[in-house]
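Asker: Just model.cif, nothing more (mmCIF, C-alpha atoms and all ligand atoms):
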data_model
loop_
_atom_site.label_atom_id
_atom_site.label_comp_id
_atom_site.auth_asym_id
_atom_site.auth_seq_id
_atom_site.Cartn_x
_atom_site.Cartn_y
_atom_site.Cartn_z
CA MET A 28 35.71 23.00 -2.82
CA LYS A 29 34.88 20.59 -0.01
CA VAL A 30 31.24 21.69 -0.04
CA ARG A 31 31.01 21.16 -3.77
CA SER A 32 32.37 17.61 -3.64
CA ALA A 33 29.93 16.76 -0.83
CA THR A 34 27.08 18.00 -3.01
CA VAL A 35 28.28 16.01 -5.97
CA GLN A 36 28.63 12.93 -3.78
CA LYS A 37 25.07 13.40 -2.48
CA ARG A 38 23.73 13.74 -6.00
CA ILE A 39 25.50 10.57 -7.10
CA GLU A 40 24.15 8.65 -4.10
CA SER A 41 20.60 9.71 -4.79
CA GLU A 42 20.99 8.84 -8.46
CA VAL A 43 22.12 5.39 -7.43
CA ILE A 44 19.22 4.91 -5.06
CA PHE A 45 16.39 6.55 -6.97
CA ASP A 46 14.81 6.08 -10.37
CA THR A 47 17.26 3.44 -11.47
CA HIS A 48 14.80 1.21 -13.29
CA PRO A 49 12.03 2.19 -15.70
CA GLU A 50 8.51 2.21 -14.28
CA ILE A 51 5.61 1.41 -16.60
CA SER A 52 2.22 3.13 -16.32
CA LEU A 53 -1.09 2.64 -18.06
CA ASP A 54 -0.93 3.99 -21.59
CA LEU A 55 -3.03 7.18 -21.63
CA SER A 56 -4.29 6.45 -25.14
CA ARG A 57 -6.31 3.63 -23.52
CA VAL A 58 -8.00 6.25 -21.36
CA GLU A 59 -8.86 8.34 -24.42
CA GLU A 60 -10.36 5.22 -26.00
CA ALA A 61 -12.42 4.47 -22.89
CA LEU A 62 -13.74 8.05 -22.86
CA LYS A 63 -15.04 7.65 -26.41
CA LYS A 64 -17.64 5.29 -24.95
CA GLY A 65 -19.01 8.16 -22.85
CA TYR A 66 -18.65 9.41 -19.29
CA SER A 67 -21.22 9.29 -16.51
CA ARG A 68 -19.10 9.22 -13.36
CA PRO A 69 -15.45 9.05 -12.23
CA PHE A 70 -13.70 5.82 -13.12
CA LEU A 71 -10.51 3.88 -12.61
CA LEU A 72 -9.16 2.26 -15.76
CA VAL A 73 -7.00 -0.77 -14.87
CA ASP A 74 -4.65 -2.68 -17.17
CA SER A 75 -4.33 -6.17 -15.68
CA ASN A 76 -1.22 -6.89 -17.76
CA ILE A 77 0.66 -4.27 -15.78
CA ILE A 78 -0.39 -6.02 -12.55
CA ARG A 79 1.03 -9.25 -13.96
CA ASN A 80 4.29 -7.53 -14.86
CA LYS A 81 4.57 -5.95 -11.43
CA ILE A 82 4.20 -9.18 -9.48
CA ARG A 83 6.63 -10.95 -11.80
CA ARG A 84 9.12 -8.15 -11.30
CA PHE A 85 8.63 -8.30 -7.52
CA LYS A 86 9.29 -12.06 -7.50
CA ALA A 87 12.31 -11.73 -9.78
CA ALA A 88 13.83 -9.05 -7.56
CA MET A 89 13.33 -11.03 -4.33
CA PRO A 90 13.19 -14.74 -5.19
CA ARG A 91 13.04 -15.85 -1.56
CA VAL A 92 10.15 -13.52 -0.64
CA HIS A 93 6.61 -14.82 -1.25
CA PRO A 94 4.25 -11.94 -2.11
CA HIS A 95 0.93 -11.95 -0.26
CA TYR A 96 -1.12 -9.14 -1.79
CA ALA A 97 -2.71 -6.71 0.71
CA ALA A 98 -6.29 -7.00 -0.53
CA LYS A 99 -7.21 -3.63 0.99
CA ALA A 100 -5.24 -1.73 -1.67
CA ASN A 101 -7.71 -2.69 -4.36
CA PRO A 102 -10.10 -5.56 -3.66
CA ASP A 103 -11.75 -5.57 -7.08
CA PRO A 104 -12.36 -9.27 -7.90
CA ARG A 105 -10.75 -8.87 -11.34
CA VAL A 106 -7.59 -7.52 -9.72
CA LEU A 107 -7.64 -10.40 -7.22
CA ARG A 108 -8.20 -12.91 -10.03
CA THR A 109 -5.15 -11.61 -11.91
CA LEU A 110 -3.01 -11.98 -8.80
CA ILE A 111 -4.38 -15.45 -8.04
CA GLU A 112 -3.42 -16.49 -11.58
CA GLU A 113 0.08 -15.16 -10.90
CA GLY A 114 0.38 -17.33 -7.78
CA ALA A 115 0.09 -14.63 -5.12
CA GLY A 116 -0.90 -15.34 -1.53
CA PHE A 117 -2.96 -12.77 0.37
CA GLU A 118 -3.09 -10.65 3.50
CA ILE A 119 -6.45 -9.62 4.95
CA ALA A 120 -7.85 -7.09 7.39
CA SER A 121 -11.42 -8.41 7.72
CA ILE A 122 -13.67 -11.40 7.13
CA ALA A 123 -15.29 -9.70 4.13
CA GLU A 124 -11.88 -9.85 2.42
CA LEU A 125 -11.52 -13.45 3.62
CA ASP A 126 -14.91 -14.46 2.18
CA LEU A 127 -14.12 -12.83 -1.15
CA LEU A 128 -10.82 -14.69 -1.48
CA LEU A 129 -12.27 -18.03 -0.35
CA SER A 130 -15.11 -17.62 -2.86
CA MET A 131 -12.45 -17.25 -5.55
CA GLY A 132 -10.78 -20.49 -4.56
CA VAL A 133 -7.82 -19.20 -2.55
CA PRO A 134 -6.85 -21.81 0.08
CA ALA A 135 -7.25 -20.55 3.66
CA ALA A 136 -3.64 -21.52 4.34
CA GLU A 137 -2.50 -18.88 1.81
CA ILE A 138 -4.38 -16.11 3.65
CA TYR A 139 -2.65 -14.33 6.53
CA TYR A 140 -4.74 -12.33 8.99
CA SER A 141 -2.48 -9.30 9.40
CA ASN A 142 -4.79 -6.86 11.17
CA PRO A 143 -3.35 -6.54 14.69
CA MET A 144 -6.80 -5.84 16.22
CA LYS A 145 -9.48 -8.44 15.45
CA SER A 146 -12.90 -8.85 17.03
CA ARG A 147 -13.72 -12.13 18.75
CA ALA A 148 -16.49 -12.77 16.20
CA TYR A 149 -14.11 -12.24 13.28
CA LEU A 150 -11.49 -14.51 14.85
CA GLU A 151 -14.04 -17.28 15.41
CA TYR A 152 -15.16 -16.97 11.79
CA ALA A 153 -11.63 -17.00 10.37
CA ALA A 154 -10.66 -19.97 12.56
CA ALA A 155 -13.75 -21.89 11.42
CA LYS A 156 -12.81 -21.18 7.78
CA GLY A 157 -9.31 -22.60 8.31
CA VAL A 158 -7.11 -19.49 8.50
CA GLU A 159 -3.88 -20.61 10.21
CA TRP A 160 -1.76 -17.48 10.67
CA TYR A 161 -2.73 -14.47 12.83
CA VAL A 162 -0.82 -11.35 13.74
CA LEU A 163 -0.72 -9.77 17.21
CA ASP A 164 1.08 -6.87 18.82
CA SER A 165 -0.12 -7.02 22.43
CA ILE A 166 -0.55 -9.46 25.33
CA GLU A 167 -4.32 -8.91 25.17
CA GLU A 168 -4.52 -9.93 21.50
CA LEU A 169 -2.33 -12.96 22.23
CA HIS A 170 -4.81 -14.16 24.86
CA LYS A 171 -7.82 -13.34 22.69
CA ILE A 172 -6.57 -15.33 19.69
CA VAL A 173 -5.39 -18.31 21.73
CA SER A 174 -8.69 -18.46 23.66
CA ILE A 175 -10.43 -18.99 20.30
CA LYS A 176 -7.83 -21.03 18.43
CA SER A 177 -5.27 -22.59 20.75
CA ASP A 178 -3.16 -23.96 17.87
CA ALA A 179 -3.07 -20.66 15.91
CA LYS A 180 0.25 -19.84 14.30
CA LEU A 181 1.12 -16.35 15.47
CA TYR A 182 3.38 -13.58 14.24
CA LEU A 183 4.38 -10.54 16.21
CA ARG A 184 4.14 -7.12 14.60
CA ILE A 185 7.01 -5.04 15.89
CA ASP A 186 7.63 -1.34 15.71
CA THR A 187 9.99 -0.21 12.96
CA PRO A 188 11.07 3.19 11.60
CA ASN A 189 8.71 4.78 9.05
CA ILE A 190 11.26 7.47 8.12
CA GLY A 191 10.81 8.56 4.50
CA SER A 192 7.38 6.97 4.05
CA ASP A 193 4.72 9.17 2.45
CA TRP A 194 1.90 7.37 4.29
CA PRO A 195 3.37 6.45 7.73
CA LEU A 196 1.76 3.57 9.63
CA ALA A 197 3.79 3.60 12.85
CA GLY A 198 2.17 4.40 16.18
CA LYS A 199 -1.23 2.80 15.83
CA PHE A 200 0.24 -0.71 15.63
CA GLY A 201 3.52 -2.44 16.40
CA THR A 202 4.91 -3.78 19.68
CA HIS A 203 7.36 -1.33 21.18
CA LEU A 204 10.84 -2.85 21.52
CA ALA A 205 10.56 -2.61 25.31
CA ASP A 206 7.42 -4.78 25.36
CA ILE A 207 8.55 -7.60 23.06
CA LYS A 208 10.18 -9.77 25.73
CA GLU A 209 7.06 -9.80 27.88
CA ILE A 210 4.92 -11.05 24.96
CA ILE A 211 7.47 -13.73 24.04
CA ASP A 212 7.66 -14.96 27.64
CA GLU A 213 3.87 -15.03 27.95
CA ALA A 214 3.50 -16.96 24.68
CA ALA A 215 6.04 -19.51 25.86
CA HIS A 216 4.35 -19.70 29.28
CA ILE A 217 0.87 -20.46 27.87
CA GLY A 218 2.20 -22.77 25.14
CA ALA A 219 1.19 -20.51 22.24
CA ASP A 220 2.86 -21.04 18.86
CA LEU A 221 4.40 -17.60 18.46
CA ALA A 222 6.35 -18.39 15.31
CA GLY A 223 6.95 -15.22 13.31
CA VAL A 224 7.76 -11.54 13.14
CA THR A 225 6.37 -8.82 10.92
CA PHE A 226 6.67 -5.06 10.55
CA HIS A 227 5.43 -2.34 8.24
CA VAL A 228 7.89 0.32 7.09
CA GLY A 229 5.05 2.72 6.17
CA SER A 230 3.25 2.91 2.85
CA GLN A 231 4.92 4.51 -0.17
CA CYS A 232 8.24 4.05 1.63
CA ARG A 233 11.05 5.81 -0.20
CA ASN A 234 13.77 4.75 2.23
CA PRO A 235 15.07 1.17 1.67
CA GLN A 236 16.96 1.26 4.97
CA ASN A 237 13.68 0.90 6.88
CA TRP A 238 13.51 -2.71 5.65
CA ARG A 239 17.09 -3.38 6.80
CA VAL A 240 16.31 -2.07 10.27
CA GLY A 241 13.05 -4.06 10.44
CA ILE A 242 14.79 -7.29 9.40
CA GLU A 243 17.63 -6.76 11.87
CA ARG A 244 15.11 -6.21 14.64
CA ALA A 245 13.23 -9.34 13.57
CA LYS A 246 16.42 -11.39 13.80
CA ASN A 247 16.92 -10.21 17.38
CA VAL A 248 13.32 -11.18 18.16
CA PHE A 249 13.92 -14.64 16.64
CA ALA A 250 16.90 -15.07 18.99
CA ASP A 251 14.75 -14.09 21.98
CA MET A 252 12.03 -16.49 20.81
CA ARG A 253 14.46 -19.40 20.55
CA GLN A 254 15.83 -18.62 23.99
CA ALA A 255 12.28 -18.80 25.37
CA GLY A 256 11.77 -22.22 23.77
CA LEU A 257 9.67 -21.00 20.81
CA ARG A 258 10.23 -22.15 17.21
CA PRO A 259 10.38 -19.15 14.84
CA ARG A 260 9.70 -19.95 11.18
CA LEU A 261 8.13 -16.87 9.53
CA LEU A 262 9.54 -13.48 8.57
CA ASN A 263 6.92 -11.19 7.07
CA ILE A 264 8.51 -7.99 5.76
CA GLY A 265 5.15 -6.31 5.20
CA GLY A 266 4.18 -3.76 2.57
CA GLY A 267 5.35 -0.26 1.75
CA TYR A 268 7.01 -0.72 -1.71
CA PRO A 269 6.58 2.62 -3.48
CA VAL A 270 5.29 3.65 -6.90
CA ARG A 271 6.11 6.71 -8.92
CA HIS A 272 4.08 9.87 -8.41
CA VAL A 273 5.93 13.19 -8.27
CA LYS A 274 8.81 12.35 -5.93
CA PRO A 275 11.73 10.09 -6.88
CA ILE A 276 11.45 6.53 -5.60
CA PRO A 277 13.85 3.64 -5.11
CA SER A 278 13.01 0.90 -7.59
CA ILE A 279 11.98 -2.54 -6.33
CA GLU A 280 15.37 -3.78 -7.48
CA VAL A 281 17.14 -1.30 -5.21
CA ILE A 282 14.92 -2.23 -2.25
CA ALA A 283 15.56 -5.89 -3.10
CA GLU A 284 19.33 -5.40 -2.79
CA VAL A 285 18.84 -4.26 0.78
CA VAL A 286 16.29 -6.98 1.61
CA ASN A 287 18.17 -9.83 -0.07
CA ALA A 288 21.39 -8.92 1.75
CA ALA A 289 19.56 -8.68 5.07
CA ILE A 290 17.83 -12.06 4.74
CA ALA A 291 20.82 -13.92 3.26
CA ASP A 292 21.86 -15.46 6.59
CA LEU A 293 18.36 -16.48 7.71
CA PRO A 294 18.04 -20.23 8.28
CA ALA A 295 16.35 -22.06 5.39
CA ASP A 296 13.42 -23.12 7.58
CA ILE A 297 12.29 -19.49 7.98
CA ARG A 298 9.65 -18.71 5.35
CA VAL A 299 10.02 -15.14 4.10
CA MET A 300 6.93 -13.32 2.83
CA ALA A 301 5.87 -9.76 2.06
CA GLU A 302 2.55 -7.95 1.85
CA PRO A 303 2.81 -5.58 -1.13
CA GLY A 304 -0.37 -3.65 -1.82
CA ARG A 305 0.29 -0.36 -3.59
CA TYR A 306 3.27 -1.68 -5.56
CA LEU A 307 1.29 -4.39 -7.34
CA VAL A 308 -1.70 -2.31 -8.44
CA SER A 309 -1.03 1.45 -8.49
CA ASP A 310 0.77 1.76 -11.81
CA SER A 311 -1.79 -0.39 -13.57
CA ALA A 312 -4.49 2.24 -13.40
CA CYS A 313 -5.46 5.81 -14.20
CA PHE A 314 -8.16 7.58 -12.22
CA VAL A 315 -10.37 9.82 -14.36
CA CYS A 316 -12.72 12.49 -13.06
CA ARG A 317 -14.15 15.74 -14.32
CA VAL A 318 -14.27 19.42 -13.41
CA VAL A 319 -17.77 20.24 -12.15
CA GLY A 320 -17.08 23.96 -12.00
CA THR A 321 -14.54 26.69 -11.25
CA ALA A 322 -14.74 29.79 -9.06
CA THR A 323 -12.64 32.75 -7.95
CA ARG A 324 -12.73 33.39 -4.18
CA ASN A 325 -10.89 36.41 -2.85
CA GLY A 326 -8.53 36.34 -5.84
CA LYS A 327 -7.85 32.61 -5.53
CA ARG A 328 -8.76 30.18 -8.29
CA TRP A 329 -10.75 27.11 -7.22
CA MET A 330 -11.82 24.09 -9.22
CA TYR A 331 -14.28 21.44 -8.06
CA TRP A 332 -14.02 17.85 -9.28
CA ASP A 333 -16.73 15.19 -9.31
CA ALA A 334 -14.48 13.03 -7.10
CA GLY A 335 -12.79 14.30 -3.96
CA ILE A 336 -11.74 13.04 -0.55
CA PHE A 337 -14.90 10.91 -0.30
CA GLY A 338 -14.78 9.84 -3.93
CA GLY A 339 -11.44 8.05 -3.67
CA ILE A 340 -8.74 10.75 -3.68
CA ILE A 341 -8.23 10.58 0.08
CA GLU A 342 -4.49 9.91 0.26
CA VAL A 343 -3.74 13.56 -0.45
CA SER A 344 -5.03 14.27 3.08
CA GLU A 345 -1.75 12.86 4.49
CA GLY A 346 0.36 14.67 1.92
CA LEU A 347 0.65 12.06 -0.85
CA ARG A 348 1.10 14.01 -4.08
CA TYR A 349 -0.22 12.73 -7.38
CA GLU A 350 0.74 13.78 -10.86
CA ILE A 351 -2.32 15.53 -12.35
CA LEU A 352 -2.81 15.70 -16.10
CA THR A 353 -5.32 17.63 -18.22
CA ASN A 354 -5.73 18.35 -21.92
CA ARG A 355 -5.14 22.10 -21.41
CA GLN A 356 -1.93 23.88 -22.37
CA GLY A 357 -2.35 27.23 -20.56
CA ASN A 358 0.17 28.84 -18.22
CA LYS A 359 0.43 27.14 -14.86
CA ILE A 360 -1.17 29.01 -11.98
CA PRO A 361 -1.79 27.91 -8.38
CA TRP A 362 -5.24 26.28 -7.98
CA SER A 363 -7.17 25.14 -4.95
CA ILE A 364 -8.92 21.86 -5.71
CA ALA A 365 -11.96 20.44 -3.93
CA GLY A 366 -14.39 17.56 -4.27
CA PRO A 367 -18.09 17.89 -5.03
CA THR A 368 -19.54 17.38 -1.53
CA CYS A 369 -20.68 20.08 0.89
CA ASP A 370 -18.16 19.00 3.56
CA SER A 371 -15.32 21.43 4.21
CA VAL A 372 -12.99 18.44 4.71
CA ASP A 373 -13.45 17.73 1.02
CA VAL A 374 -10.54 19.90 -0.13
CA LEU A 375 -7.78 18.06 -1.98
CA MET A 376 -4.99 20.54 -2.59
CA HIS A 377 -3.98 24.16 -2.43
CA ASP A 378 -1.53 25.93 -4.72
CA GLU A 379 -1.42 23.06 -7.20
CA PRO A 380 0.20 24.41 -10.39
CA LEU A 381 -2.20 23.63 -13.26
CA PRO A 382 -3.13 25.38 -16.53
CA ASP A 383 -5.01 28.65 -16.12
CA ASP A 384 -7.51 27.76 -18.87
CA ILE A 385 -9.04 24.72 -17.13
CA GLN A 386 -12.82 24.90 -17.37
CA GLU A 387 -16.02 23.19 -16.34
CA GLY A 388 -16.33 19.83 -18.10
CA ASP A 389 -12.58 19.22 -18.52
CA PHE A 390 -11.28 15.78 -17.72
CA ILE A 391 -8.67 15.20 -15.03
CA PHE A 392 -6.29 12.24 -15.29
CA ILE A 393 -4.41 10.87 -12.28
CA PRO A 394 -1.88 8.21 -13.35
CA ASN A 395 -0.71 5.39 -11.06
CA ALA A 396 -3.83 5.63 -8.91
CA GLY A 397 -4.84 1.97 -8.77
CA ALA A 398 -4.30 1.59 -5.02
CA TYR A 399 -6.17 3.14 -2.12
CA THR A 400 -8.54 5.13 -4.33
CA THR A 401 -11.67 3.18 -5.28
CA ALA A 402 -11.06 1.01 -2.19
CA TYR A 403 -11.62 4.07 0.01
CA ALA A 404 -14.49 5.69 -1.87
CA SER A 405 -17.92 6.22 -0.29
CA ASN A 406 -21.07 7.74 -1.75
CA PHE A 407 -21.34 10.43 0.90
CA ASN A 408 -23.80 13.18 -0.10
CA GLY A 409 -25.27 10.85 -2.72
CA PHE A 410 -22.41 11.04 -5.20
CA PRO A 411 -21.83 7.76 -7.07
CA LEU A 412 -18.88 5.50 -6.37
CA PRO A 413 -16.22 5.56 -9.07
CA ASP A 414 -16.56 2.81 -11.63
CA VAL A 415 -13.73 0.31 -12.12
CA ILE A 416 -12.99 -0.77 -15.68
CA VAL A 417 -10.49 -3.57 -16.11
CA LEU A 418 -8.76 -4.16 -19.43
C1 LIG B 1 -0.79 -5.09 7.59
C2 LIG B 1 -0.59 -4.45 6.26
N1 LIG B 1 0.14 -5.11 5.34
C3 LIG B 1 0.34 -4.59 4.10
C4 LIG B 1 -0.17 -3.36 3.75
C5 LIG B 1 0.07 -2.85 2.36
O1 LIG B 1 0.90 -1.77 2.36
P1 LIG B 1 1.36 -1.11 0.95
O2 LIG B 1 0.13 -0.89 0.17
O3 LIG B 1 2.04 0.12 1.35
O4 LIG B 1 2.29 -2.09 0.29
C6 LIG B 1 -0.88 -2.62 4.70
C7 LIG B 1 -1.40 -1.28 4.36
O5 LIG B 1 -1.95 -0.56 5.12
C8 LIG B 1 -1.10 -3.18 5.99
O6 LIG B 1 -1.82 -2.54 6.90
#
If you took the structure in this file and wrote it as structure tokens, what would it be?

Answerer:
Amino acid sequence: MKVRSATVQKRIESEVIFDTHPEISLDLSRVEEALKKGYSRPFLLVDSNIIRNKIRRFKAAMPRVHPHYAAKANPDPRVLRTLIEEGAGFEIASIAELDLLLSMGVPAAEIYYSNPMKSRAYLEYAAAKGVEWYVLDSIEELHKIVSIKSDAKLYLRIDTPNIGSDWPLAGKFGTHLADIKEIIDEAAHIGADLAGVTFHVGSQCRNPQNWRVGIERAKNVFADMRQAGLRPRLLNIGGGYPVRHVKPIPSIEVIAEVVNAAIADLPADIRVMAEPGRYLVSDSACFVCRVVGTATRNGKRWMYWDAGIFGGIIEVSEGLRYEILTNRQGNKIPWSIAGPTCDSVDVLMHDEPLPDDIQEGDFIFIPNAGAYTTAYASNFNGFPLPDVIVL
């Protein structure tokens, strides 16, 4: 009896957390229409109205949090234009992204340089173009930035749990809790304007509590900063907001409840921002590719697509699972799926249940694939980059 009630309780909790608000995806009839115009290579079909709806929904859910789009998720100029029109700020990883945004009229002050490791040449360029805010997560980067721009406004990227994130980002970046004090003391000692804290909960984060922990840690860092004579005034809660694929996700409204409660007691002079990437663009687009051929190898069914790991479908390599649609109705059997290149790394999935009657020439539709697909694609082996069509 006890076991049963615990199960019921667990089910209720997960119903409360997950799938509480409707998610909207690109209407597949638009894809059918686009295909009537012909097909020459894989493409991403983007509906910019969905991007508009997503950023409006993000702002409505977290009114105090300014969204700065992570340009890396999809840097197509038409996507950027839509977000500029919606009043987004931006987060960049490189000066190519900076140049693109400046050329589109985004003020340098709205662009945050959130890559924790920047070359001297890139820093000099960004400083000359007027970028004000720079992230760091080490003493070395602190000295490097300040040696180039002594009045830079700095924010510290701290380590935070990535539990429950489908694309974890911890480890490579983020000051370990034990090292934070040393960086704060050094910043105060050299007169650097260390004024903010950021963290990244991991991309496609399905655990809202990661944001709570990150914000609590940031508040402790603010206290340490004040004690050292620094003047904290930025909380950047990073990216990570998930979109629907095959696993249940917490809606932005559910994440917002956690975030809004955690930031409620922050002083008014602390600007709160976020760096959503995936959340703003994924649902707006469907990735379309085609079956180049099928084969049976030692009793196993294989299909080869004209886009694989190198053609934009790289996130499967860390276990992200997409919904895959076809026009076939056959019985589901386990397929191995690979891209068109000769590289053995170019295998997307094994044991993916898909119709047994899939054949050469069939189209494959991957909904909610507007982020981290075309942005990653290369033309390795001479295969063309996927096209991007924006409605
Ligand atoms: C510094 C930084 N901010 C924001 C993002 C965007 O994350 P997401 O697309 O999960 O929202 C990333 C992604 O890698 C990142 O590195």

Asker: When distances are computed from all atoms listed in the file, which of A:Lys199, A:Lys180, A:Arg108, A:Arg83 shows the smallest separation from ligand LIG 1 (chain B)?

Answerer: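 With all atoms listed in the file as the atom set, the closest residue is A:Lys199.
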
Asker: Point out the residue among A:Ile276, A:Ile175, A:Val318, A:Leu347 with the least atom-to-atom distance to His48 of chain A, counting all atoms listed in the file.

Answerer: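 Between A:Ile276, A:Ile175, A:Val318, A:Leu347, the residue approaching His48 of chain A most closely is A:Ile276.
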
Asker: Listing only residues of chain A within 6 Å of ligand LIG 1 (chain B), what is the closest atom pair and its distance in Å (to one decimal) for each, using only C-alpha atoms and all ligand atoms, sorted by chain and residue number ascending, as a tab-separated table?

Answerer:
residue	atom	partner	partner_atom	distance
A:Ala97	CA	B:LIG1	C3	5.0
A:Ala100	CA	B:LIG1	O2	5.7
A:Ser141	CA	B:LIG1	C1	4.9
A:Asn142	CA	B:LIG1	C1	5.7
A:Ser230	CA	B:LIG1	O3	3.4
A:Gln231	CA	B:LIG1	O3	5.5
A:Gly265	CA	B:LIG1	N1	5.2
A:Gly266	CA	B:LIG1	O4	3.4
A:Gly267	CA	B:LIG1	O3	3.4
A:Tyr268	CA	B:LIG1	O4	5.3
A:Glu302	CA	B:LIG1	C3	4.6
A:Pro303	CA	B:LIG1	O4	3.8
A:Gly304	CA	B:LIG1	O2	3.4
A:Arg305	CA	B:LIG1	O2	3.8
A:Tyr306	CA	B:LIG1	O4	5.9

Asker: Could you please determine the separation between atom CA of Gly397 of chain A and atom CA of His95 of chain A in Å, to one decimal place?

Answerer: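 For atom CA of Gly397 of chain A relative to atom CA of His95 of chain A, the distance reads 17.3 Å.
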
Asker: Leaving out segment 381-388 of chain A and any residue of its chain fewer than 4 positions from it, which residues lie within 9 Å of it when counting all atoms listed in the file, given as a list of chain:residue names?

Answerer: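 Near neighbours after the sequence-gap exclusion: A:Arg317, A:Val318, A:Val319, A:Gly320, A:Thr321, A:Arg328, A:Met330, A:Tyr331, A:Ile351, A:Leu352, A:Thr353, A:Asn354, A:Arg355, A:Gln356, A:Gly357, A:Asn358, A:Lys359, A:Ile360, A:Pro361, A:Trp362.
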